[in-house]
Structures are given as C-alpha cells and as structure tokens.
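For reference, input_28.pdb (PDB, C-alpha atoms):
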```pdb
ATOM      1  CA  MET A   1     182.173 261.900 195.724  1.00  0.00           C
ATOM      2  CA  ILE A   2     183.623 264.743 197.761  1.00  0.00           C
ATOM      3  CA  GLY A   3     180.709 264.401 200.182  1.00  0.00           C
ATOM      4  CA  LEU A   4     181.515 260.737 200.702  1.00  0.00           C
ATOM      5  CA  ILE A   5     185.180 261.482 201.445  1.00  0.00           C
ATOM      6  CA  LEU A   6     184.209 264.343 203.742  1.00  0.00           C
ATOM      7  CA  SER A   7     181.761 262.139 205.652  1.00  0.00           C
ATOM      8  CA  GLU A   8     184.489 259.493 206.124  1.00  0.00           C
ATOM      9  CA  VAL A   9     186.915 262.134 207.384  1.00  0.00           C
ATOM     10  CA  ILE A  10     184.316 263.375 209.866  1.00  0.00           C
ATOM     11  CA  LEU A  11     183.565 259.791 210.955  1.00  0.00           C
ATOM     12  CA  PHE A  12     187.258 259.060 211.591  1.00  0.00           C
ATOM     13  CA  ALA A  13     187.683 262.392 213.417  1.00  0.00           C
ATOM     14  CA  VAL A  14     184.758 261.599 215.707  1.00  0.00           C
ATOM     15  CA  ALA A  15     186.075 258.073 216.315  1.00  0.00           C
ATOM     16  CA  ALA A  16     189.541 259.475 217.112  1.00  0.00           C
ATOM     17  CA  CYS A  17     188.082 261.987 219.585  1.00  0.00           C
ATOM     18  CA  PHE A  18     185.969 259.266 221.201  1.00  0.00           C
ATOM     19  CA  GLY A  19     188.972 256.958 221.509  1.00  0.00           C
ATOM     20  CA  PHE A  20     191.089 259.758 222.944  1.00  0.00           C
ATOM     21  CA  GLY A  21     188.410 260.515 225.526  1.00  0.00           C
ATOM     22  CA  ILE A  22     188.175 256.883 226.630  1.00  0.00           C
ATOM     23  CA  GLY A  23     191.963 256.565 226.777  1.00  0.00           C
ATOM     24  CA  TRP A  24     192.309 259.754 228.785  1.00  0.00           C
ATOM     25  CA  ARG A  25     189.685 258.585 231.274  1.00  0.00           C
ATOM     26  CA  ILE A  26     191.460 255.247 231.769  1.00  0.00           C
ATOM     27  CA  TYR A  27     194.787 257.061 232.188  1.00  0.00           C
ATOM     28  CA  THR A  28     193.407 259.427 234.852  1.00  0.00           C
ATOM     29  CA  MET A  29     191.798 256.554 236.761  1.00  0.00           C
ATOM     30  CA  ALA A  30     195.075 254.617 236.744  1.00  0.00           C
ATOM     31  CA  ALA A  31     197.027 257.718 237.791  1.00  0.00           C
ATOM     32  CA  ALA A  32     194.662 258.327 240.703  1.00  0.00           C
ATOM     33  CA  GLN A  33     195.096 254.747 241.854  1.00  0.00           C
ATOM     34  CA  ARG A  34     198.901 255.007 241.613  1.00  0.00           C
ATOM     35  CA  ARG A  35     198.835 258.285 243.547  1.00  0.00           C
ATOM     36  CA  GLU A  36     196.651 256.750 246.281  1.00  0.00           C
ATOM     37  CA  THR A  37     198.963 253.735 246.549  1.00  0.00           C
ATOM     38  CA  ALA A  38     202.011 255.995 246.796  1.00  0.00           C
ATOM     39  CA  LEU A  39     200.391 258.103 249.524  1.00  0.00           C
ATOM     40  CA  ARG A  40     199.463 254.997 251.508  1.00  0.00           C
ATOM     41  CA  GLU A  41     202.984 253.620 251.161  1.00  0.00           C
ATOM     42  CA  THR A  42     204.527 256.942 252.219  1.00  0.00           C
ATOM     43  CA  GLU A  43     202.304 257.046 255.290  1.00  0.00           C
ATOM     44  CA  GLN A  44     203.334 253.505 256.259  1.00  0.00           C
ATOM     45  CA  LEU A  45     207.004 254.412 255.877  1.00  0.00           C
ATOM     46  CA  ARG A  46     206.556 257.545 258.006  1.00  0.00           C
ATOM     47  CA  SER A  47     204.866 255.608 260.779  1.00  0.00           C
ATOM     48  CA  ALA A  48     207.585 252.923 260.676  1.00  0.00           C
ATOM     49  CA  LEU A  49     210.269 255.609 260.896  1.00  0.00           C
ATOM     50  CA  THR A  50     208.516 257.269 263.829  1.00  0.00           C
ATOM     51  CA  GLU A  51     208.244 253.948 265.665  1.00  0.00           C
ATOM     52  CA  ALA A  52     211.929 253.209 265.042  1.00  0.00           C
ATOM     53  CA  GLN A  53     212.917 256.652 266.338  1.00  0.00           C
ATOM     54  CA  VAL A  54     210.823 256.174 269.487  1.00  0.00           C
ATOM     55  CA  ARG A  55     212.356 252.742 270.116  1.00  0.00           C
ATOM     56  CA  ARG A  56     215.843 254.150 269.610  1.00  0.00           C
ATOM     57  CA  ALA A  57     215.147 257.058 271.968  1.00  0.00           C
ATOM     58  CA  ARG A  58     213.908 254.663 274.664  1.00  0.00           C
ATOM     59  CA  VAL A  59     217.084 252.547 274.377  1.00  0.00           C
ATOM     60  CA  SER A  60     219.390 255.557 274.677  1.00  0.00           C
TER      61      SER A  60
END
```
Before we go any further, please render this structure as structure tokens.
Amino acid sequence: MIGLILSEVILFAVAACFGFGIGWRIYTMAAAQRRETALRETEQLRSALTEAQVRRARVS
C-alpha cells in the first residue's frame, strides 16, 4: 500500500517537473519575442527622433 502511494507521489512529482519545464520554455520564448519587439520599436523611435532633429536643424 505504501509502495502504491509512493509511486503516485513520484508520478505527480515527475508530471509537475515536466509541466514546469514546458511552462518555463514557453515563458522564455514569449519573453524573447517581447524583448525583440521592444528593441525594434526603440530603434524606430530613435531613427524618427534623429530625422526630426535633422529637419529642425535644417530649418533653423
């Protein structure tokens, strides 16, 4: 009886570790995508600011 309970505990522990691993992988993939999007957006904003500064300098 104790062996049966112990085997269930081990099964649930393995399933929990497996689920945690899958969840962590999905989280890191999503975080990498968010980071890439933020970097791209920052670069676009920097280039727009540079262009605006150049246009303003030409007008002055």
CA of Ile10 (chain A) to CA of Thr28 (chain A), distance in Å rounded to a single decimal: 26.9 Å
d(CA of Tyr27 (chain A), CA of Val9 (chain A)) in Å: 26.5 Å
Could you jot down the CA of Trp24 (chain A) to CA of Thr42 (chain A) separation for me, Å, one decimal place? 26.6 Å
